[in-house]
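Reading through the structure tokens given below for one structure.
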Amino acid sequence: MLSGSLASAGPESKRRRALPLPKGMVPMQTFTPDSSMVSDVIPSPNHGERNKARRPDMIVLHYTGMPDVEGALTRLCKAGTEVSAHYVVLEDGRILQCVPESKRAWHAGVACWAGEEDINSCSIGIEIVNRGHDWGYPDFPLRQIAAVIALCRGIILRREVPPHRVVGHSDVAPARKKDPGEKFPWRSLAASGVGLWVEPARIVPGPALKQGAEGDDVRLMQQALADYGYRVPVNGSYDHATTDVVTAFQRHFRPDKVDGIADASTLATLHALLARLPIEARAVAALG
Ligand SMILES: [Zn+2]
């Protein structure tokens, strides 16, 4: 309510909850945040230089996947863990920055997108605080999603990130990762100008491709996934790797049913999405 929030603005700001800072962290030199949305800088030593001074033109979204935020911040900001991200978005919408955007944060691990394997060098990594699939996988609060959107919009503007290069960790590492997962509201992000999205085609009973299938239909589907950016064998065999990629595609673009089976809805959604991809992006993906 407007009157209420205005009335409480002063005292509220003084009562701001303390940051859940990890204990025993060595203080480091701080830096000026890249985004005006950042409320606090918590420098992480876990970063390096971007390979060949690559300018980032991609955003990778993650969830922290840990039972509490203190543990997640310790992992991201303590020396020796070899893990970090540029930003952390708390459940209450506060945004922390841990690594300057000019540096290479260590968030993607072994990954690939559109033929490029050093995803950490070409991307900005955002960790969204959520316990994840192993710890009950709660819904993402709207306040947190609004903060993710605002942060991404700034990065997209400053770094010229094209819509199809805003992806999830599971998109770039389908065999290893599920985050940010099927509950992540990609539709809402796209409605606010973040990421590429088409309405998923309706799920109806009917024939489907699944693991073990062979032939040109499988090859065409693999080619379409590869054209979008996924690393997938284009060999006409619906193998384990193909199932992982179809699962990742569904988690992002057809989240109502994530089963690794390419039903008519999955294929129609994939082709509708490809039709929205800029021609030059398709050419790059094909080269990869
Ligand atoms: Zn991740």
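Just remember, in the structure tokens the first chain shown is A, the second B, etc., residues are 1-based per chain, and ligands are 1-based in the order shown.
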
Task: Within 12 Å of Leu189 in chain A using only C-alpha atoms, minus same-chain residues under 3 positions, as a PyMOL selection string - done: chain A and resi 61+142+144-153+163+166-167+184-186+192-198+252

- [ ] Name the residues of range 96-288 of chain A that come out as strand (DSSP E or B) in a backbone DSSP run; write them as a PyMOL selection string.
- [x] chain A and resi 96-97+103-105+113+116+123-128+166-168+209+214+237+262

Output file for the residues above (C-alpha atoms, as a PDB file, in the first residue's frame):
```pdb
ATOM      1  CA  LEU A  96      25.449  -8.292  -4.054  1.00  0.00           C
ATOM      2  CA  GLN A  97      28.410  -8.036  -6.401  1.00  0.00           C
ATOM      3  CA  LYS A 103      37.001 -10.105 -14.664  1.00  0.00           C
ATOM      4  CA  ARG A 104      36.358 -13.780 -15.368  1.00  0.00           C
ATOM      5  CA  ALA A 105      34.250 -15.282 -12.561  1.00  0.00           C
ATOM      6  CA  TRP A 113      27.151 -22.664 -25.922  1.00  0.00           C
ATOM      7  CA  GLU A 116      32.182 -21.677 -27.447  1.00  0.00           C
ATOM      8  CA  SER A 123      29.633 -14.413 -19.817  1.00  0.00           C
ATOM      9  CA  ILE A 124      28.413 -12.691 -16.684  1.00  0.00           C
ATOM     10  CA  GLY A 125      27.271 -15.124 -13.995  1.00  0.00           C
ATOM     11  CA  ILE A 126      24.362 -14.396 -11.671  1.00  0.00           C
ATOM     12  CA  GLU A 127      23.634 -16.652  -8.697  1.00  0.00           C
ATOM     13  CA  ILE A 128      20.031 -16.501  -7.510  1.00  0.00           C
ATOM     14  CA  VAL A 166      20.551 -15.060 -21.715  1.00  0.00           C
ATOM     15  CA  VAL A 167      20.638 -18.708 -20.649  1.00  0.00           C
ATOM     16  CA  GLY A 168      20.513 -21.028 -17.665  1.00  0.00           C
ATOM     17  CA  LEU A 209      10.848 -39.369 -30.142  1.00  0.00           C
ATOM     18  CA  GLU A 214      17.229 -43.571 -34.660  1.00  0.00           C
ATOM     19  CA  SER A 237      20.809 -41.469 -32.523  1.00  0.00           C
ATOM     20  CA  ALA A 262      10.689 -35.055 -27.602  1.00  0.00           C
TER      21      ALA A 262
END
```

With the cut-off set at 8 Å and counting only C-alpha atoms and all ligand atoms, tabulate each residue of chain A with an atom at most that distance from an atom of ligand 1, showing the nearest atom pair and its distance in Å to one decimal, ordered by chain and increasing number, as CSV.
```
residue,atom,partner,partner_atom_place_in_ligand_line,distance
A:Leu61,CA,ligand 1,1 (Zn),7.1
A:His62,CA,ligand 1,1 (Zn),4.2
A:Tyr63,CA,ligand 1,1 (Zn),5.8
A:Thr64,CA,ligand 1,1 (Zn),6.8
A:His107,CA,ligand 1,1 (Zn),6.5
A:Ala108,CA,ligand 1,1 (Zn),6.4
A:Glu127,CA,ligand 1,1 (Zn),7.2
A:Gly168,CA,ligand 1,1 (Zn),7.8
A:His169,CA,ligand 1,1 (Zn),4.9
A:Ser170,CA,ligand 1,1 (Zn),7.4
A:Lys177,CA,ligand 1,1 (Zn),6.6
A:Lys178,CA,ligand 1,1 (Zn),7.7
A:Asp179,CA,ligand 1,1 (Zn),5.5
A:Pro180,CA,ligand 1,1 (Zn),7.0
```

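Here the DSSP assignment of alpha helix (DSSP H), based on backbone atoms, applies within range 22-78 of chain A to Val69, Glu70, Gly71, Ala72, Leu73, Thr74, Arg75, Leu76 and Cys77 of chain A.
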
Deliver the residues from the most recent selection as a file, using N, CA and C atoms, as a PDB file, in the first residue's frame.
```pdb
ATOM      1  N   VAL A  69      21.850 -19.219   2.874  1.00  0.00           N
ATOM      2  CA  VAL A  69      22.545 -18.201   2.092  1.00  0.00           C
ATOM      3  C   VAL A  69      23.968 -17.975   2.610  1.00  0.00           C
ATOM      4  N   GLU A  70      24.171 -18.152   3.930  1.00  0.00           N
ATOM      5  CA  GLU A  70      25.532 -17.976   4.475  1.00  0.00           C
ATOM      6  C   GLU A  70      26.493 -18.985   3.824  1.00  0.00           C
ATOM      7  N   GLY A  71      26.043 -20.222   3.757  1.00  0.00           N
ATOM      8  CA  GLY A  71      26.871 -21.263   3.137  1.00  0.00           C
ATOM      9  C   GLY A  71      27.163 -20.953   1.681  1.00  0.00           C
ATOM     10  N   ALA A  72      26.152 -20.440   0.994  1.00  0.00           N
ATOM     11  CA  ALA A  72      26.330 -20.122  -0.422  1.00  0.00           C
ATOM     12  C   ALA A  72      27.347 -18.988  -0.592  1.00  0.00           C
ATOM     13  N   LEU A  73      27.245 -17.961   0.264  1.00  0.00           N
ATOM     14  CA  LEU A  73      28.182 -16.829   0.145  1.00  0.00           C
ATOM     15  C   LEU A  73      29.608 -17.258   0.518  1.00  0.00           C
ATOM     16  N   THR A  74      29.726 -18.143   1.502  1.00  0.00           N
ATOM     17  CA  THR A  74      31.056 -18.650   1.858  1.00  0.00           C
ATOM     18  C   THR A  74      31.681 -19.337   0.652  1.00  0.00           C
ATOM     19  N   ARG A  75      30.866 -20.189  -0.003  1.00  0.00           N
ATOM     20  CA  ARG A  75      31.383 -20.952  -1.139  1.00  0.00           C
ATOM     21  C   ARG A  75      31.827 -20.001  -2.266  1.00  0.00           C
ATOM     22  N   LEU A  76      31.049 -18.926  -2.470  1.00  0.00           N
ATOM     23  CA  LEU A  76      31.316 -18.033  -3.606  1.00  0.00           C
ATOM     24  C   LEU A  76      32.433 -17.030  -3.320  1.00  0.00           C
ATOM     25  N   CYS A  77      32.673 -16.728  -2.056  1.00  0.00           N
ATOM     26  CA  CYS A  77      33.549 -15.599  -1.734  1.00  0.00           C
ATOM     27  C   CYS A  77      34.804 -15.975  -0.955  1.00  0.00           C
TER      28      CYS A  77
END
```

Task: Contact residues around range 31-35 of chain A with only C-alpha atoms at 10 Å, ignoring same-chain residues under 6 positions, as a PyMOL selection string - done: chain A and resi 41-43+86-87+95-102+150-152+154-155+158

- [ ] In Å, rounded to a single decimal, give me how far CA of Cys112 in chain A is from CA of Ser84 in chain A.
- [x] 18.2 Å

- [ ] Compile the contact shell of range 218-228 of chain A as number ranges by chain: residues with an atom at most 10 Å away, counting only C-alpha atoms, same-chain residues fewer than 3 positions apart removed.
- [x] A: 113-115, 164-165, 209-211, 213-215, 231-239, 242, 245-246, 249, 262, 267, 270-271, 273-275, 277, 281-288

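Picture a line from CA of Pro141 in chain A to CA of Ile59 in chain A; it runs 20.5 Å.
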
Task: Ala268 in chain A surroundings by only C-alpha atoms, 9 Å radius, close-in-sequence under 5 positions cut, as a count of residues only - done: 4

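Coordinates place CA of Val83 in chain A at a distance of 17.0 Å from CA of Pro67 in chain A.
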
Task: Long-range neighbours of Arg202 in chain A as an MDAnalysis selection string, 9 Å cut-off, only C-alpha atoms, 3 positions minimum in chain - done: chainID A and resid 199 264:266 269

Requested write-out: C-alpha atoms of the selected residues, as an mmCIF file, in the first residue's frame:
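Final output, selection_0.cif:
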```
data_model
loop_
_atom_site.group_PDB
_atom_site.id
_atom_site.type_symbol
_atom_site.label_atom_id
_atom_site.label_comp_id
_atom_site.auth_asym_id
_atom_site.auth_seq_id
_atom_site.Cartn_x
_atom_site.Cartn_y
_atom_site.Cartn_z
ATOM 1 C CA GLU A 199 4.767 -19.615 -25.601
ATOM 2 C CA ALA A 264 5.092 -32.823 -30.541
ATOM 3 C CA SER A 265 4.873 -29.905 -28.089
ATOM 4 C CA THR A 266 8.627 -29.950 -27.436
ATOM 5 C CA THR A 269 8.250 -25.081 -29.267
#
```

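Using only C-alpha atoms, the nearest neighbour of Gly136 in chain A within the list A:Gly260, A:Gly65, A:Arg50, A:Leu19 is A:Gly65.
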